[in-house]
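K.L.:
The structure's right below; bear with me while I get my questions together.
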Amino acid sequence: MNTATMPGPTPPLHSLRPLRRRHFNRLFAAVYASAILSLFYHHILKLLHSTTLVSFFMSFLLFISDVVLAYMWSTTQAFRMNPVHRQAFPENLQKVLDRKDFPAMDIFICTADPYKEPPINVVNTALSVMAYDYPTEKLSVYVSDDGGSELTMFAFMEAAKFGKQWVPFCRENNITDRCPDAFFTSNYALTPNTTEIKMMYESMKMKVEGAVEKGKVNDEYICSEEERQVLSQYRTKDFTRQNHPSLIQVLLNSKEDVDNTGSPMPNLIYVSREKSTSAAHHFKAGALNALLRVSASMTNSPIILTLDCDMYSNDPLTAKRVLCYLPNRSNRPNCGYVQFPQRYHGLNNADIYAGEHKRLFLANPIGMDGLNGPSYVGTGCFFRRRVFFGAPSSFVEPEIPDLAPDHIVDKPINGREVLSLAHHVAGCNYENWTNWGSKIGFRYGSLVEDYYTGYRLQCEGWQSIFCDPSRPAFLGDVPITLIDVLNQTKRWSVGLLEVGFSKYSPSTFGVRAMGVLMAQSYAHYAFWAIWCFPVTVYAVLPSLTLLRGIPIFPKMGFRYGSLVEDYYTGYRLQCEGWQSIFCDPSRPAFLGSVPISFNDALNQNKRWYVGLLEMGFCRYSPLTFGIRAMGILMAQSYAYYAFSAIWSLPITVYAFLPSLALLQGIPFFLR
Ligand SMILES: O=c1ccn([C@@H]2O[C@H](COP(=O)(O)OP(=O)(O)O[C@H]3O[C@H](CO)[C@@H](O)[C@H](O)[C@H]3O)[C@@H](O)[C@H]2O)c(=O)[nH]1
Ligand SMILES: [Mn+2]
């Protein structure tokens with residue numbers, strides 16, 4: 001029975017708390033902005049007063065560098081204006097929603113190359129989500145294989161068998177690490193049960209890795225005529241990864257397949273979209289759009305999770321956590337997706353290479369979450385299927401009505417009718433003359449389809465939510481070799497610049513569509529690559545100018561002397577070892593005039609004090625340099641003057657504090 005219909009207060013599903021530091025951040029931004037303005041004032045003076053071409057050029061480079069730095073700083077401020085902290089309470093879900101009313105979920109896992117992305121890891125990712133703490137018959141896992149490889153297909157045929165043991169094993173033993181590899185490398189309890197399942201896992205792993213090593217599936221591993229037929233599709237003439245027909249295989253069907261306890265299994269569907277060297281395939285965005293359509297023809301679940309093949313689920317509660325927000329339970333009426341941060345396993349604690357991208361994936365999203373919601377980062381993101389079909393208020397109809405997000409599929413997923421539609425929509429020419437990639441689905445036009453798609457969705461008016469539970473929901477691999485990191489950085493920079501300089505640039509189109517602060521956040525990423533300019537200039541220019549003896553930074557006045565040149569000069573002479581004599585005859589040898597107006601006296605005092613303090617705190621301070629140079633007594637005499645300004649502290653305190661204390665009745669002096 002659904003308790004939500006019973007009277008009484010419903011327990012909260014989530015909470016939202018703005019962080020107190022936002023006040024400080026705003027104040028700091030104001031102060032910092034004025035400092036930047038005065039820096040620019042200095043720069044402009046410097047430019048106007050430069051005498052030679054070389055010094056003008058240097059000043060100009062520094063000026064441009066600082067302009068870039070200031071611009072990037074200004075974009076980061078959008079993240080700091082209103083950071084928020086969110087919490088979900090999945091434990092309250094059962095009081096609000098009956099398990100049978102949980103929405104179905106389609107989970108998309110992309111893989112592209114069996115050699116760079118070992119199939120056994122992809123299988124681990126898939127198993128970790130198939131074992132979600134969620135009604136299994138409502139989960140459908142779709143694997144997109146852009147590598148078009150029999151190795152991946154074989155790995156998933158094995159995974160379908162192993163899953164029938166693994167899913168109930170996790171459920172019955174209430175395992176938290178539902179990614180098999182993570183579980184077997186953790187400190188798990190050794191029972192006959194775990195030893196048995198570990199052996200099954202190891203045997204699957206051996207077969208899959210053995211096949212990858214050989215580059216083809218061994219005949220002895222193929223256990224049925226059906227499997228042989230499936231694999232033979234990859235062995236036809238002219239079959240290459242860039243050129244092959246669409247391959248769709250229902251490996252598990254929740255209506256028919258049961259696990260070893262008799263409970264239904266999730267759907268598991270392998271998809272390798274049609275590829276042809278003459279048709280654009282749009283990389284991952286293309287793969288995701290093919291999955292959007294294939295899944296629409298088979299299950300059409302209202303909620304979609306996208307995952308990179310290396311990002312396994314680290315928390316079985318995640319799907320339930322999402323229900324605390326989606327489809328319509330958040331404070332955001334147009335919430336289109338819930339983004340979890342990218343977290344990684346296998347980094348050392350200090351993460352000395354900053355591979356975790358904490359700013360990108362943790363610090364900045366809480367700032368965007370306080371505005372209209374975080375950007376989409378390609379993985380660990382739960383979407384409402386509806387977001388891919390136009391703005392919240394204007395639905396864009398797909399060309400086949402059966403692909404629309406509200407269409408209910410009531411035919412068996414491995415029936416002829418469904419499969420023929422699925423193959424049709426997985427075709428490489430299917431998207432020609434349609435809205436896919438522009439108004440429908442994941443957007444084409446940038447190498448970073450995730451950023452671009454999230455950006456365009458938010459421009460349409462969709463909002464999002466950032467969900468960062470203390471136990472990471474997903475864990476992925478971080479690139480560890482220099483070449484991989486460079487490649488990734490290059491791909492990201494180019495992709496982001498493509499958006500920055502397109503007609504949908506955040507600084508033009510974006511500002512109008514989503515307001516200044518959100519647009520600034522997106523601009524921060526779009527123009528991420530321009531950091532390289534100031535970084536290069538500041539890395540190289542100072543050393544070059546030093547070699548040429550050209551001063552480029554403003555001079556600090558007090559280094560060169562003191563306002564009280566008399567005191568300072570005498571002091572330095574005595575430090576050098578000169579001595580002196582005091583002569584005070586009874587008739588004054590000289591007479592001067594004394595300042596008599598209050599203002600003149602104040603001015604003189606101020607000048608003296610500042611000059612003396614300059615001395616007291618410079619590197620020739622009587623307290624340090626002086627003691628070594630002239631002995632303690634002489635140094636003390638000079639220190640007496642150098643620090644004469646600090647009299648002001650006790651004088652002020654003794655002037656005010658006793659009266660204040662008296663007024664407040666606080667006893668102050670000894671009785
Ligand atoms: O033609 C392609 C290329 C890639 N992929 C898959 O896309 C995912 C991400 O690709 P990867 O090479 O690992 O890129 P990363 O830079 O590590 O990924 C980050 O950046 C990508 C581009 O912005 C996003 O798609 C990812 O979600 C995000 O994690 C992987 O699962 C690939 O298998 C495909 O399916 N088809
Ligand atoms: Mn990756």
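Following the order of the structure tokens, chains are lettered A, B, ..., residues in each are numbered from 1, and ligands are numbered from 1.
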List as a JSON list (two decimals) with C-alpha atoms, in the first residue's frame the protein and nucleic acid residues lying within 7 Å of ligand 1, with only C-alpha atoms and all ligand atoms counted.
P.N.:
```json
[["chain", "number", "residue", "atom", "x", "y", "z"],
["A", 109, "ILE", "CA", 27.38, 2.06, -21.05],
["A", 110, "CYS", "CA", 29.67, 3.14, -23.88],
["A", 111, "THR", "CA", 32.79, 1.36, -24.96],
["A", 112, "ALA", "CA", 34.85, 1.95, -28.05],
["A", 113, "ASP", "CA", 37.93, -0.24, -28.15],
["A", 144, "SER", "CA", 27.17, 0.42, -26.88],
["A", 145, "ASP", "CA", 30.16, -1.13, -28.59],
["A", 146, "ASP", "CA", 31.72, 1.36, -30.99],
["A", 282, "HIS", "CA", 29.80, 11.61, -34.23],
["A", 283, "PHE", "CA", 31.82, 9.64, -31.71],
["A", 284, "LYS", "CA", 30.27, 9.14, -28.30],
["A", 287, "ALA", "CA", 26.68, 6.25, -29.89],
["A", 307, "LEU", "CA", 28.15, 5.74, -17.86],
["A", 308, "ASP", "CA", 31.65, 5.55, -19.27],
["A", 309, "CYS", "CA", 32.80, 1.98, -19.52],
["A", 310, "ASP", "CA", 35.38, 2.50, -16.78],
["A", 377, "VAL", "CA", 30.16, 15.58, -17.29],
["A", 378, "GLY", "CA", 29.49, 12.58, -19.52],
["A", 379, "THR", "CA", 29.16, 9.87, -16.93],
["A", 447, "LEU", "CA", 34.52, 16.93, -29.09],
["A", 448, "VAL", "CA", 33.16, 17.36, -25.57],
["A", 449, "GLU", "CA", 29.61, 16.26, -26.28],
["A", 450, "ASP", "CA", 28.85, 16.05, -22.57],
["A", 451, "TYR", "CA", 29.63, 19.68, -21.77],
["A", 488, "GLN", "CA", 42.73, 14.03, -22.97],
["A", 492, "TRP", "CA", 38.98, 18.68, -23.93]]
```
K.L.:
Using DSSP secondary structure from the backbone, list all helix (DSSP H, G or I) positions within range 466-526 of chain A, as a ChimeraX atom specification.
P.N.:
/A:482-500,506-514,516-526
K.L.:
Determine, counting only C-alpha atoms, which protein, DNA and RNA residues have an atom within 10 Å of an atom of Ala70 in chain A; residues of the same chain fewer than 6 positions away are not included. Present the result as a count of residues only.
P.N.:
7
K.L.:
Using DSSP secondary structure from the backbone, list all strand (DSSP E) positions within range 407-517 of chain A, as a ChimeraX atom specification.
P.N.:
/A:463-466,474-475
K.L.:
Would you save the residues from that selection as a CSV table (one decimal), in the first residue's frame, using N, CA and C atoms?
P.N.:
```
chain,number,residue,atom,x,y,z
A,463,GLN,N,16.9,22.5,-15.9
A,463,GLN,CA,17.7,22.7,-14.7
A,463,GLN,C,18.3,21.4,-14.3
A,464,SER,N,19.2,21.4,-13.3
A,464,SER,CA,19.9,20.1,-13.0
A,464,SER,C,20.2,20.1,-11.5
A,465,ILE,N,20.6,19.0,-11.0
A,465,ILE,CA,21.0,18.9,-9.6
A,465,ILE,C,22.3,18.1,-9.4
A,466,PHE,N,23.1,18.6,-8.5
A,466,PHE,CA,24.4,18.0,-8.2
A,466,PHE,C,24.2,17.1,-7.0
A,474,PHE,N,30.0,6.6,-8.0
A,474,PHE,CA,30.7,5.9,-9.1
A,474,PHE,C,32.2,6.1,-8.9
A,475,LEU,N,33.0,5.2,-9.4
A,475,LEU,CA,34.4,5.3,-9.4
A,475,LEU,C,35.0,4.9,-10.7
```
K.L.:
Smallest atom-to-atom distance to ligand 2: which of A:Leu623, A:Val485, A:Val425, A:Ala350, using only C-alpha atoms and all ligand atoms?
P.N.:
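Looking at the shortest contact to ligand 2, the residue is A:Val485.
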K.L.:
Please identify all polymer residues within 9 Å of range 405-421 of chain A, counting only C-alpha atoms, omitting same-chain residues fewer than 4 positions from it, and present them as a PyMOL selection string.
P.N.:
chain A and resi 248-250+253+255+294+296-302+385-386+388-389+401+425-426
K.L.:
The selected residues should be written to file as a PDB file, in the first residue's frame (atoms: N, CA and C atoms).
P.N.:
```
ATOM      1  N   ILE A 248      22.548  -6.101 -32.779  1.00  0.00           N
ATOM      2  CA  ILE A 248      21.805  -5.900 -31.538  1.00  0.00           C
ATOM      3  C   ILE A 248      21.484  -7.272 -30.965  1.00  0.00           C
ATOM      4  N   GLN A 249      21.837  -7.484 -29.731  1.00  0.00           N
ATOM      5  CA  GLN A 249      21.632  -8.792 -29.142  1.00  0.00           C
ATOM      6  C   GLN A 249      21.019  -8.639 -27.752  1.00  0.00           C
ATOM      7  N   VAL A 250      19.843  -9.241 -27.555  1.00  0.00           N
ATOM      8  CA  VAL A 250      19.255  -9.233 -26.215  1.00  0.00           C
ATOM      9  C   VAL A 250      19.894 -10.387 -25.444  1.00  0.00           C
ATOM     10  N   ASN A 253      16.668 -11.032 -20.815  1.00  0.00           N
ATOM     11  CA  ASN A 253      15.350 -10.439 -20.978  1.00  0.00           C
ATOM     12  C   ASN A 253      14.623 -10.592 -19.639  1.00  0.00           C
ATOM     13  N   LYS A 255      11.728 -10.465 -18.784  1.00  0.00           N
ATOM     14  CA  LYS A 255      10.452 -11.191 -18.788  1.00  0.00           C
ATOM     15  C   LYS A 255      10.691 -12.702 -18.817  1.00  0.00           C
ATOM     16  N   VAL A 294      17.447   3.056 -29.779  1.00  0.00           N
ATOM     17  CA  VAL A 294      17.276   1.608 -29.619  1.00  0.00           C
ATOM     18  C   VAL A 294      16.532   1.332 -28.312  1.00  0.00           C
ATOM     19  N   ALA A 296      14.533   3.311 -26.820  1.00  0.00           N
ATOM     20  CA  ALA A 296      13.148   3.768 -26.955  1.00  0.00           C
ATOM     21  C   ALA A 296      12.300   2.682 -27.597  1.00  0.00           C
ATOM     22  N   SER A 297      12.905   1.964 -28.558  1.00  0.00           N
ATOM     23  CA  SER A 297      12.117   0.937 -29.240  1.00  0.00           C
ATOM     24  C   SER A 297      11.923  -0.299 -28.364  1.00  0.00           C
ATOM     25  N   MET A 298      12.756  -0.469 -27.333  1.00  0.00           N
ATOM     26  CA  MET A 298      12.665  -1.699 -26.540  1.00  0.00           C
ATOM     27  C   MET A 298      12.019  -1.500 -25.182  1.00  0.00           C
ATOM     28  N   THR A 299      12.471  -0.488 -24.433  1.00  0.00           N
ATOM     29  CA  THR A 299      11.947  -0.304 -23.078  1.00  0.00           C
ATOM     30  C   THR A 299      11.426   1.108 -22.836  1.00  0.00           C
ATOM     31  N   ASN A 300      12.042   2.092 -23.467  1.00  0.00           N
ATOM     32  CA  ASN A 300      11.637   3.495 -23.351  1.00  0.00           C
ATOM     33  C   ASN A 300      11.445   3.946 -21.903  1.00  0.00           C
ATOM     34  N   SER A 301      12.375   3.623 -21.028  1.00  0.00           N
ATOM     35  CA  SER A 301      12.250   4.013 -19.620  1.00  0.00           C
ATOM     36  C   SER A 301      12.332   5.527 -19.480  1.00  0.00           C
ATOM     37  N   PRO A 302      11.601   6.072 -18.507  1.00  0.00           N
ATOM     38  CA  PRO A 302      11.594   7.537 -18.346  1.00  0.00           C
ATOM     39  C   PRO A 302      12.898   8.088 -17.795  1.00  0.00           C
ATOM     40  N   ARG A 385      14.196  11.181 -19.676  1.00  0.00           N
ATOM     41  CA  ARG A 385      14.244  10.977 -21.124  1.00  0.00           C
ATOM     42  C   ARG A 385      13.660  12.181 -21.861  1.00  0.00           C
ATOM     43  N   ARG A 386      12.712  12.830 -21.230  1.00  0.00           N
ATOM     44  CA  ARG A 386      12.043  13.950 -21.876  1.00  0.00           C
ATOM     45  C   ARG A 386      13.000  15.084 -22.271  1.00  0.00           C
ATOM     46  N   PHE A 388      15.632  15.161 -23.798  1.00  0.00           N
ATOM     47  CA  PHE A 388      16.249  15.055 -25.114  1.00  0.00           C
ATOM     48  C   PHE A 388      15.292  15.445 -26.241  1.00  0.00           C
ATOM     49  N   PHE A 389      14.093  15.827 -25.862  1.00  0.00           N
ATOM     50  CA  PHE A 389      13.102  16.157 -26.891  1.00  0.00           C
ATOM     51  C   PHE A 389      12.575  17.574 -26.694  1.00  0.00           C
ATOM     52  N   PRO A 401       6.908   8.322 -34.206  1.00  0.00           N
ATOM     53  CA  PRO A 401       6.198   8.568 -32.937  1.00  0.00           C
ATOM     54  C   PRO A 401       6.557   7.555 -31.851  1.00  0.00           C
ATOM     55  N   VAL A 425      16.664   2.027 -36.406  1.00  0.00           N
ATOM     56  CA  VAL A 425      17.100   3.280 -35.778  1.00  0.00           C
ATOM     57  C   VAL A 425      18.575   3.255 -35.394  1.00  0.00           C
ATOM     58  N   ALA A 426      19.227   2.090 -35.481  1.00  0.00           N
ATOM     59  CA  ALA A 426      20.665   2.026 -35.211  1.00  0.00           C
ATOM     60  C   ALA A 426      21.461   2.183 -36.498  1.00  0.00           C
TER      61      ALA A 426
END
```
K.L.:
Restricting the calculation to only C-alpha atoms: of A:Arg171, A:Val478, A:Leu591, A:Met368, which residue gets closest to Asp351 in chain A?
P.N.:
A:Val478
K.L.:
Can you tell me, as a count of residues only, what residues are no more than 12 Å from Ile550 in chain A when counting only C-alpha atoms, ignoring any on the same chain fewer than 6 positions away?
P.N.:
12
K.L.:
For Glu196 in chain A, which residue out of A:Asn348, A:Gln242, A:Thr125, A:Gln165 is the nearest one, using only C-alpha atoms?
P.N.:
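Among the listed residues, the smallest separation from Glu196 in chain A belongs to A:Gln165.
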K.L.:
Can you list, as a list in words, every protein, DNA or RNA residue that comes within 9 Å of Trp608 in chain A when you count only C-alpha atoms, leaving out same-chain residues fewer than 3 positions away?
P.N.:
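Once the adjacent positions are removed, what remains is Leu563, Val564, Asn603, Gln604, Asn605, Gly611, Leu612, Leu613 and Ala645 of chain A.
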K.L.:
Residues of the last selection are to be written out with N, CA and C atoms, as a compact mmCIF listing (two decimals), in the first residue's frame.
P.N.:
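again-v2.txt written:
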```
# COMPACT_ATOMS: atom_id res chain seq x y z
N LEU A 563 62.08 57.23 5.16
CA LEU A 563 61.67 58.63 5.19
C LEU A 563 62.53 59.43 6.16
N VAL A 564 63.15 58.76 7.14
CA VAL A 564 64.02 59.47 8.07
C VAL A 564 65.48 59.18 7.70
N ASN A 603 51.86 65.82 11.05
CA ASN A 603 52.54 65.42 9.83
C ASN A 603 53.95 64.97 10.11
N GLN A 604 54.64 65.80 10.94
CA GLN A 604 56.01 65.45 11.25
C GLN A 604 56.08 64.10 11.98
N ASN A 605 55.18 63.97 12.97
CA ASN A 605 55.15 62.72 13.72
C ASN A 605 54.92 61.53 12.81
N GLY A 611 58.78 56.43 8.74
CA GLY A 611 60.18 56.24 8.37
C GLY A 611 60.89 55.31 9.33
N LEU A 612 60.66 55.52 10.62
CA LEU A 612 61.33 54.68 11.61
C LEU A 612 60.85 53.23 11.53
N LEU A 613 59.54 53.06 11.33
CA LEU A 613 59.03 51.69 11.23
C LEU A 613 59.59 50.98 10.00
N ALA A 645 56.84 54.00 17.33
CA ALA A 645 55.42 54.09 16.99
C ALA A 645 54.57 53.11 17.79
```
